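Below you'll find the structure, written out as C-alpha cells, and then a few comments.
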Amino acid sequence: MFTWMRSFAPGFAVAATIMGSSLVQAAGVEGVWRSQDGEGLVEIAPCGAAAELRCGKLVWMKKPLDDEGQPQRDVKNSDPALQRRPVCGIEILIGLKPDGNGGYNAGKIYDPEEGRTYTGAMKLEGEALKVTGSFETFIKPISDTETWTRMSEPFERCAGTYKK
C-alpha cells in the first residue's frame, strides 16, 4: 500500500493529485493527500484537542478488500488487540509537531503493511507535501521521503472512517 520505505517497509505509500497553488497555501498541510503510487488517500487534520499537532487517517484505499472480499485488517500490528481493526480508517500520521520553519516533525508514521511505526516529519513545498519516515539502526539512521500531492477530485471514503 505504501512505498516510501521500499527496501525496509515495502509498499508504504499513500495518495494525491495537484490542486491550485493558492488553495494549497491557504489550506497548509490540512486536507486529503495522495501518495506517489496512488494506493491510498490520507486526510491530515489537527489531532483532536491538540490543535497545534497534525494527524492523518487513511480515508481511501485502492485495494480495501482482501482475497475473501473482507476489509483489509491490521494483521501485522504487534498489538494483538489491534490486528482485527480495518486498515482503512486508521491513523497513520500521529502527533506531528510544528517545527517553527513551516514543517512538522517529532511525530510518528505507522505502516500497516509492516506493522511498524517510524519517526515522521512532513513539510509543504509548493504544491507538494514531503513526508519523511525514518528509524535508527546500529550503524546509522535510515530515512526516506515520499512526495504526496493534494487530492482534487471526488472520492468515496472507506466505510467507518472519520469525518471532520
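As shown in the C-alpha cells, the chain order sets the letters A, B, ...; within each chain, residues go from 1, and ligands are also counted from 1 in the order they appear.
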Shell around A:Ala50 at 10 Å using only C-alpha atoms, local window under 5 positions removed, as JSON, numbers by chain = {"A": [55, 95, 97]}
Write to file, as a PDB file, in the first residue's frame, the residues of the selection just made, with C-alpha atoms.
```pdb
ATOM      1  CA  CYS A  55      -2.518  13.650  12.436  1.00  0.00           C
ATOM      2  CA  GLY A  95       1.222  13.751  16.559  1.00  0.00           C
ATOM      3  CA  LYS A  97       4.533  18.945  15.832  1.00  0.00           C
TER       4      LYS A  97
END
```
Can you tell me, as a compact mmCIF listing (two decimals) with N, CA and C atoms, in the first residue's frame, which residues in chain A count as strand (DSSP E or B) by DSSP?
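Wrote part30.txt, looks like this:
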```txt
# COMPACT_ATOMS: atom_id res chain seq x y z
N PHE A 2 1.90 1.31 0.77
CA PHE A 2 2.74 2.50 0.85
C PHE A 2 4.12 2.17 0.29
N MET A 5 9.38 3.50 2.03
CA MET A 5 10.48 2.77 2.64
C MET A 5 10.63 1.42 1.93
N ALA A 9 10.37 -1.21 4.36
CA ALA A 9 8.94 -1.39 4.62
C ALA A 9 8.23 -1.38 3.28
N PHE A 12 4.97 1.08 1.59
CA PHE A 12 4.38 2.17 2.39
C PHE A 12 4.18 3.40 1.51
N ALA A 15 -1.78 8.45 -1.06
CA ALA A 15 -2.23 9.06 -2.29
C ALA A 15 -2.51 10.55 -2.49
N GLY A 31 -5.90 18.64 4.77
CA GLY A 31 -6.61 18.22 3.57
C GLY A 31 -6.33 16.76 3.27
N VAL A 32 -6.75 16.32 2.08
CA VAL A 32 -6.58 14.93 1.67
C VAL A 32 -5.45 14.85 0.66
N TRP A 33 -4.54 13.91 0.88
CA TRP A 33 -3.32 13.77 0.08
C TRP A 33 -3.19 12.37 -0.51
N ARG A 34 -2.65 12.29 -1.71
CA ARG A 34 -2.41 11.02 -2.41
C ARG A 34 -0.91 10.79 -2.54
N GLY A 40 -3.48 4.92 -1.82
CA GLY A 40 -4.34 5.33 -0.72
C GLY A 40 -4.39 6.84 -0.60
N LEU A 41 -5.36 7.31 0.18
CA LEU A 41 -5.51 8.74 0.48
C LEU A 41 -5.48 8.93 1.98
N VAL A 42 -4.78 9.97 2.42
CA VAL A 42 -4.68 10.29 3.85
C VAL A 42 -5.24 11.68 4.07
N GLU A 43 -6.12 11.79 5.05
CA GLU A 43 -6.65 13.11 5.41
C GLU A 43 -5.89 13.62 6.63
N ILE A 44 -5.26 14.79 6.48
CA ILE A 44 -4.49 15.41 7.54
C ILE A 44 -5.32 16.52 8.17
N ALA A 45 -5.34 16.52 9.51
CA ALA A 45 -6.13 17.49 10.27
C ALA A 45 -5.47 17.65 11.65
N PRO A 46 -5.90 18.67 12.42
CA PRO A 46 -5.41 18.76 13.80
C PRO A 46 -5.74 17.48 14.56
N CYS A 47 -4.89 17.14 15.52
CA CYS A 47 -5.08 15.93 16.34
C CYS A 47 -6.02 16.22 17.50
N ALA A 50 -5.50 18.66 20.63
CA ALA A 50 -4.14 19.20 20.46
C ALA A 50 -4.07 19.91 19.11
N ALA A 51 -4.65 21.11 19.04
CA ALA A 51 -4.82 21.83 17.77
C ALA A 51 -3.52 22.13 17.04
N GLU A 52 -2.40 22.20 17.75
CA GLU A 52 -1.13 22.51 17.08
C GLU A 52 -0.51 21.28 16.41
N LEU A 53 -0.91 20.08 16.83
CA LEU A 53 -0.38 18.85 16.26
C LEU A 53 -1.18 18.44 15.03
N ARG A 54 -0.56 17.69 14.12
CA ARG A 54 -1.25 17.19 12.94
C ARG A 54 -1.22 15.67 12.94
N CYS A 55 -2.36 15.09 12.56
CA CYS A 55 -2.52 13.65 12.44
C CYS A 55 -3.11 13.36 11.06
N GLY A 56 -2.99 12.14 10.62
CA GLY A 56 -3.54 11.77 9.32
C GLY A 56 -4.13 10.38 9.34
N LYS A 57 -5.36 10.26 8.84
CA LYS A 57 -6.05 8.98 8.77
C LYS A 57 -6.17 8.52 7.33
N LEU A 58 -6.04 7.24 7.14
CA LEU A 58 -6.22 6.63 5.83
C LEU A 58 -7.72 6.61 5.54
N VAL A 59 -8.15 7.36 4.51
CA VAL A 59 -9.58 7.50 4.22
C VAL A 59 -10.03 6.82 2.93
N TRP A 60 -9.06 6.31 2.15
CA TRP A 60 -9.39 5.60 0.91
C TRP A 60 -8.22 4.69 0.57
N MET A 61 -8.53 3.51 0.06
CA MET A 61 -7.50 2.56 -0.39
C MET A 61 -7.87 2.03 -1.76
N LEU A 65 -10.19 -4.37 0.11
CA LEU A 65 -10.66 -5.71 0.48
C LEU A 65 -9.57 -6.76 0.29
N PRO A 71 -12.76 -6.44 4.52
CA PRO A 71 -11.85 -5.29 4.66
C PRO A 71 -10.45 -5.74 5.06
N ARG A 73 -7.29 -5.97 7.09
CA ARG A 73 -7.11 -5.84 8.53
C ARG A 73 -5.65 -5.54 8.86
N PRO A 86 -9.93 -2.72 10.82
CA PRO A 86 -9.74 -2.45 9.39
C PRO A 86 -8.60 -1.44 9.19
N GLU A 91 -5.27 5.75 11.91
CA GLU A 91 -4.37 6.90 11.92
C GLU A 91 -2.98 6.41 11.57
N ILE A 92 -2.40 6.96 10.50
CA ILE A 92 -1.04 6.57 10.13
C ILE A 92 -0.03 7.69 10.36
N LEU A 93 -0.49 8.94 10.43
CA LEU A 93 0.36 10.07 10.83
C LEU A 93 -0.08 10.45 12.22
N ILE A 94 0.85 10.47 13.15
CA ILE A 94 0.48 10.60 14.56
C ILE A 94 1.29 11.70 15.24
N GLY A 95 0.61 12.74 15.70
CA GLY A 95 1.22 13.75 16.56
C GLY A 95 2.40 14.51 15.99
N LEU A 96 2.34 14.91 14.72
CA LEU A 96 3.43 15.70 14.15
C LEU A 96 3.34 17.13 14.68
N LYS A 97 4.47 17.63 15.18
CA LYS A 97 4.53 18.94 15.83
C LYS A 97 5.11 19.99 14.90
N PRO A 98 4.61 21.24 14.95
CA PRO A 98 5.20 22.30 14.13
C PRO A 98 6.66 22.50 14.52
N GLY A 103 7.32 23.33 8.75
CA GLY A 103 7.17 21.88 8.66
C GLY A 103 6.66 21.31 9.97
N TYR A 104 6.55 20.01 9.99
CA TYR A 104 6.12 19.28 11.18
C TYR A 104 7.06 18.11 11.38
N ASN A 105 7.43 17.84 12.64
CA ASN A 105 8.30 16.70 12.91
C ASN A 105 7.99 16.14 14.29
N ALA A 106 8.88 15.30 14.79
CA ALA A 106 8.77 14.69 16.11
C ALA A 106 7.47 13.91 16.28
N GLY A 107 6.93 13.41 15.18
CA GLY A 107 5.74 12.58 15.23
C GLY A 107 6.06 11.18 14.78
N LYS A 108 5.03 10.42 14.48
CA LYS A 108 5.18 9.03 14.07
C LYS A 108 4.42 8.77 12.79
N ILE A 109 4.90 7.78 12.03
CA ILE A 109 4.21 7.28 10.84
C ILE A 109 4.05 5.78 11.04
N TYR A 110 2.82 5.30 10.97
CA TYR A 110 2.56 3.87 11.11
C TYR A 110 2.35 3.26 9.73
N ASP A 111 3.04 2.14 9.48
CA ASP A 111 2.92 1.41 8.22
C ASP A 111 2.20 0.09 8.48
N ARG A 116 4.83 -1.58 11.52
CA ARG A 116 5.91 -0.83 12.18
C ARG A 116 5.56 0.65 12.24
N THR A 117 6.11 1.30 13.26
CA THR A 117 5.95 2.73 13.42
C THR A 117 7.32 3.38 13.29
N TYR A 118 7.38 4.43 12.49
CA TYR A 118 8.62 5.15 12.22
C TYR A 118 8.53 6.57 12.76
N THR A 119 9.67 7.20 12.96
CA THR A 119 9.70 8.62 13.28
C THR A 119 9.26 9.35 12.02
N GLY A 120 8.40 10.36 12.16
CA GLY A 120 7.84 11.02 10.99
C GLY A 120 8.04 12.52 10.98
N ALA A 121 8.05 13.06 9.77
CA ALA A 121 8.12 14.51 9.55
C ALA A 121 7.43 14.80 8.22
N MET A 122 7.00 16.05 8.05
CA MET A 122 6.40 16.46 6.78
C MET A 122 6.59 17.96 6.60
N LYS A 123 6.64 18.38 5.33
CA LYS A 123 6.76 19.80 5.03
C LYS A 123 6.12 20.07 3.68
N LEU A 124 5.35 21.15 3.64
CA LEU A 124 4.74 21.59 2.40
C LEU A 124 5.78 22.34 1.59
N GLU A 125 6.00 21.91 0.34
CA GLU A 125 6.94 22.56 -0.57
C GLU A 125 6.20 22.86 -1.86
N ALA A 128 3.47 20.39 -3.21
CA ALA A 128 3.76 19.03 -2.79
C ALA A 128 3.96 18.96 -1.27
N LEU A 129 3.63 17.82 -0.72
CA LEU A 129 3.89 17.56 0.69
C LEU A 129 4.98 16.50 0.75
N LYS A 130 6.10 16.84 1.34
CA LYS A 130 7.21 15.90 1.50
C LYS A 130 7.03 15.21 2.85
N VAL A 131 6.85 13.90 2.81
CA VAL A 131 6.62 13.11 4.02
C VAL A 131 7.82 12.19 4.20
N THR A 132 8.45 12.27 5.37
CA THR A 132 9.67 11.51 5.64
C THR A 132 9.46 10.58 6.81
N GLY A 133 9.86 9.34 6.63
CA GLY A 133 9.86 8.36 7.69
C GLY A 133 11.29 7.91 7.93
N SER A 134 11.63 7.66 9.19
CA SER A 134 13.00 7.23 9.49
C SER A 134 13.01 6.31 10.70
N PHE A 135 14.11 5.59 10.83
CA PHE A 135 14.34 4.76 12.00
C PHE A 135 15.83 4.62 12.22
N GLU A 136 16.20 4.29 13.43
CA GLU A 136 17.60 4.14 13.81
C GLU A 136 18.04 2.70 13.59
N PRO A 141 21.15 6.24 11.17
CA PRO A 141 19.72 6.40 10.90
C PRO A 141 19.43 6.22 9.41
N ILE A 142 18.28 5.68 9.11
CA ILE A 142 17.86 5.50 7.72
C ILE A 142 16.54 6.23 7.55
N SER A 143 16.45 7.01 6.49
CA SER A 143 15.20 7.72 6.22
C SER A 143 14.92 7.75 4.73
N ASP A 144 13.67 7.97 4.42
CA ASP A 144 13.25 8.08 3.03
C ASP A 144 12.09 9.07 2.98
N THR A 145 12.02 9.80 1.88
CA THR A 145 10.98 10.82 1.72
C THR A 145 10.12 10.48 0.51
N GLU A 146 8.82 10.64 0.69
CA GLU A 146 7.87 10.45 -0.40
C GLU A 146 7.17 11.78 -0.64
N THR A 147 6.84 12.06 -1.89
CA THR A 147 6.13 13.27 -2.25
C THR A 147 4.65 12.95 -2.44
N TRP A 148 3.81 13.61 -1.64
CA TRP A 148 2.36 13.46 -1.76
C TRP A 148 1.81 14.70 -2.43
N THR A 149 0.72 14.54 -3.16
CA THR A 149 0.06 15.68 -3.80
C THR A 149 -1.38 15.77 -3.29
N ARG A 150 -1.88 17.00 -3.26
CA ARG A 150 -3.21 17.23 -2.73
C ARG A 150 -4.28 16.63 -3.65
```
So which one's closest to A:Asp74, A:Asp99, A:Glu114, A:Glu153, A:Glu39? Using only C-alpha atoms, please.
->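 When distances to A:Asp74 are compared using only C-alpha atoms, the smallest one comes from A:Glu114.
Taking the backbone of this structure through DSSP, the residues of chain A that come out as helix (DSSP H, G or I) are Ser21, Ser22, Leu23, Val24, Gln25, Ala26, Ala27, Pro80, Ala81 and Leu82 of chain A.
For the atom pair formed by atom CA of A:Gly126 and atom CA of A:Gly28, the distance is 10.0 Å, given to one decimal.
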From the set A:Asn101, A:Pro154, A:Ala159, A:Glu127, which residue has the shortest atom-to-atom contact distance to A:Val29, counting only C-alpha atoms?
->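 Smallest distance to A:Val29 is found for A:Glu127.
Using only C-alpha atoms, the nearest neighbour of A:Asp79 within the list A:Lys62, A:Ala49, A:Pro112, A:Asp67 is A:Pro112.
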